[in-house]
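Comments concern the structure below.
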Amino acid sequence: MKNISLLYLLLVASLISSCDMVENQPYAARITGKTDLNTIYTRELSAAGLKPPFSFAFITDTQGSLDEMRQAIGIIRSRKDIDFIVHGGDLTDFGIVKEFIWARDIMEEAGIPYITVIGNHDCLGNGNDTFDYIFGPENFSFNIGPVHFLCLNTIALEYDYSRPVPDLDFIERDILSVAETNAQHPDSITHSIVVMHSRPYDEQFNNNVAKPFNYYISQLPGMDIGKSGSDTCDKGFCINGHNHAIAVSDIFDNGILYYQCADMGKRTFFIFTVTDDGYDYETVVF
Amino acid sequence: MRQSFFKHTVSAFVILILLLSPLSVGAQSGYEQRLERREKVWQKLIPNLYMLQYGGGIATVSAGLGWDYGRARQWETHILFGFVPKKYSHSHYWTFNIRQTYIPWSIPIKNIVSYRPLTASLLVNSILHNDFWMSEPDRYPHGYYGFSSRMRFHIAVGQRWTFAIPRDKRLISSQLSVYYELSTCDLYVRQKFLNSAIPFKDILSLGFGIIFTI
């Protein structure tokens, strides 16, 4: 009987060593698999030689809606006309390590590049550090042909306004570098798309700088009404999540539209198709 | 009213005198008996369990002390401090844990080993770091998140094998137990309940450890 018991003990011990279920703490769990994804995928996208027309899906606020997210990724994959995915933040409910990994692994199923901005829920506990480790920079930009993407951390309330969020210095440097590119190669960048989780005048946004933020954003190529005579910018727009409802708003009455997508729980996402002359968007409800 | 107050005061005074004065003489004075009684009471609060744990969803390594009680010593309370070294996470973390365990059966095996086929525990885990709050900071509108990032509730089941240490080989304890524990926490359970896409093994955490019984 004693031998059986010891044998059993050895069995359990081998089980323990063979699987990686030994966990530290939900917020300090080991991070396995791909990391620094924003850096990897923006590099991949810039190098892919994509030119308009191209399409990307915008999904956001997938927190706690992983089943719906998996369905959405399935739809995106099966369409075959979508080149990459943009995630608008709030991948998690509580910022625990496993939530980030679950969301990442479902995004990986798409088999196409994806980029992610940070949401307020992703900041909870030490979630900000986990986001930075898995997804990389919170502020970054890249170009796909003539289209400039500027992705920003806008969740100022999480830091109690103690960090420069949105980082206007970063935005200014980005605008200068775009201007420099255009000075060297005229009209090489004509479109701009700004991605953020929370938009100006949300409770998360630092509304003290809402207008300066708008001022900077409007300096980007395509963020002007142009010669077409239309009320809105043809080649520039912003996309955001956070408010769990669809809304298309010209917040500053200057033609820059903010496309706000509903959360994944509402089984909704956007598809944007960028062309040489402008862009189109479609709402997918599944 | 006044009379009864007086009566009570007198009787209280008499009791006090009886308690304080060494009236009873014999082998042991009242004073000594009371000292002994006092020591017995406080002795019950001396922990008789010491433990070390690896993993288990509360920290990388934890060390603690505890008490067993109940007719068959089927109840245990443990207090554990846990540590996560920086190499496993973004920073090093300390955790504080209280675990309440119920052990319904103890099966003696040849007087040397006893086997406990089930230990069931509830555990409160608190991560001692400024990034985590017990209740939401004032900057948020009331009930913005509605949870505490600092306090986690775990449930665990496990098994335990206890070895009696022969008298001549005892150093610090009379018994040594080894155990393992499979646990999950409140947030994992919620997410698994809402999302079938989550693999079941992802919400489970394995821990194992040793317990010295004094």
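Identifiers for the structure tokens are assigned positionally: chains receive A, B, ... in sequence, residues are indexed from 1 per chain, and ligands are indexed from 1 in the order shown.
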For chain A against chain B, which residues fall within 7 Å using only C-alpha atoms, given as a PyMOL selection string? chain A and resi 1-2+21-26+28+30+64-67+125-126+129+160
Quick one: residues within 12 Å of Thr32 in chain A, only C-alpha atoms counted, chain neighbours fewer than 5 positions away excluded, as a ChimeraX atom specification? /A:20,97-98,100-102,104-105,130,133-134 /B:88-89
Just to be explicit: take each residue in the selection above, keep N, CA and C atoms, and write the result as a tab-separated table (two decimals), in the first residue's frame.
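Final file, selection14.tsv:
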```
chain	number	residue	atom	x	y	z
A	20	ASP	N	3.07	22.96	-18.10
A	20	ASP	CA	3.43	24.28	-17.57
A	20	ASP	C	2.23	24.94	-16.90
A	97	VAL	N	-2.66	38.47	-17.49
A	97	VAL	CA	-1.78	37.97	-18.55
A	97	VAL	C	-2.51	37.04	-19.52
A	98	LYS	N	-3.25	36.08	-18.97
A	98	LYS	CA	-3.90	35.08	-19.83
A	98	LYS	C	-4.90	35.72	-20.79
A	100	PHE	N	-4.66	38.57	-22.29
A	100	PHE	CA	-3.91	39.08	-23.45
A	100	PHE	C	-3.53	37.93	-24.37
A	101	ILE	N	-3.12	36.81	-23.77
A	101	ILE	CA	-2.68	35.66	-24.56
A	101	ILE	C	-3.86	35.06	-25.33
A	102	TRP	N	-5.03	34.96	-24.67
A	102	TRP	CA	-6.21	34.43	-25.36
A	102	TRP	C	-6.55	35.29	-26.57
A	104	ARG	N	-4.59	37.43	-28.20
A	104	ARG	CA	-3.52	37.34	-29.21
A	104	ARG	C	-3.64	36.07	-30.02
A	105	ASP	N	-3.88	34.94	-29.33
A	105	ASP	CA	-3.92	33.66	-30.04
A	105	ASP	C	-5.09	33.59	-31.01
A	130	THR	N	2.17	44.30	-19.39
A	130	THR	CA	1.94	43.09	-20.19
A	130	THR	C	1.63	43.47	-21.63
A	133	TYR	N	4.80	44.43	-23.35
A	133	TYR	CA	5.65	43.27	-23.60
A	133	TYR	C	5.14	42.47	-24.80
A	134	ILE	N	3.84	42.23	-24.86
A	134	ILE	CA	3.30	41.38	-25.92
A	134	ILE	C	3.10	42.18	-27.22
B	88	TYR	N	10.52	36.45	-13.68
B	88	TYR	CA	9.29	35.82	-14.17
B	88	TYR	C	8.22	36.84	-14.55
B	89	SER	N	8.42	38.10	-14.20
B	89	SER	CA	7.37	39.08	-14.49
B	89	SER	C	7.98	40.45	-14.75
```
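Near Cys123 in chain A, within 7 Å and counting only C-alpha atoms, sit Gly95, Asn128 and Glu158 of chain A, not including residues fewer than 5 positions from it in the same chain.
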Let me see the file: selected residues, C-alpha atoms, as a compact mmCIF listing (two decimals), in the first residue's frame.
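Resulting contents of again09.txt:
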```txt
# COMPACT_ATOMS: atom_id res chain seq x y z
CA GLY A 95 -5.56 43.19 -17.68
CA ASN A 128 0.08 48.10 -19.16
CA GLU A 158 -5.71 55.52 -16.39
```
Mind listing the strand (DSSP E or B) residues of range 72-194 of chain A, per DSSP on the backbone, as a PyMOL selection string? chain A and resi 84-87+114-116+140-144+147-151+191-194
Taking the backbone alone, and naming residues the way the document does, which bits of range 113-243 of chain A are alpha helix (DSSP H) by DSSP, as an MDAnalysis selection string? chainID A and resid 127:135 168:184 210:217
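If you look at CA of Leu176 in chain B and CA of Ile214 in chain B, they are 9.0 Å away from each other.
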Quick one: of A:Leu152, A:Leu45, A:Ile271, A:Ile251, who's nearest to Asp81 in chain A, counting only C-alpha atoms? A:Ile271
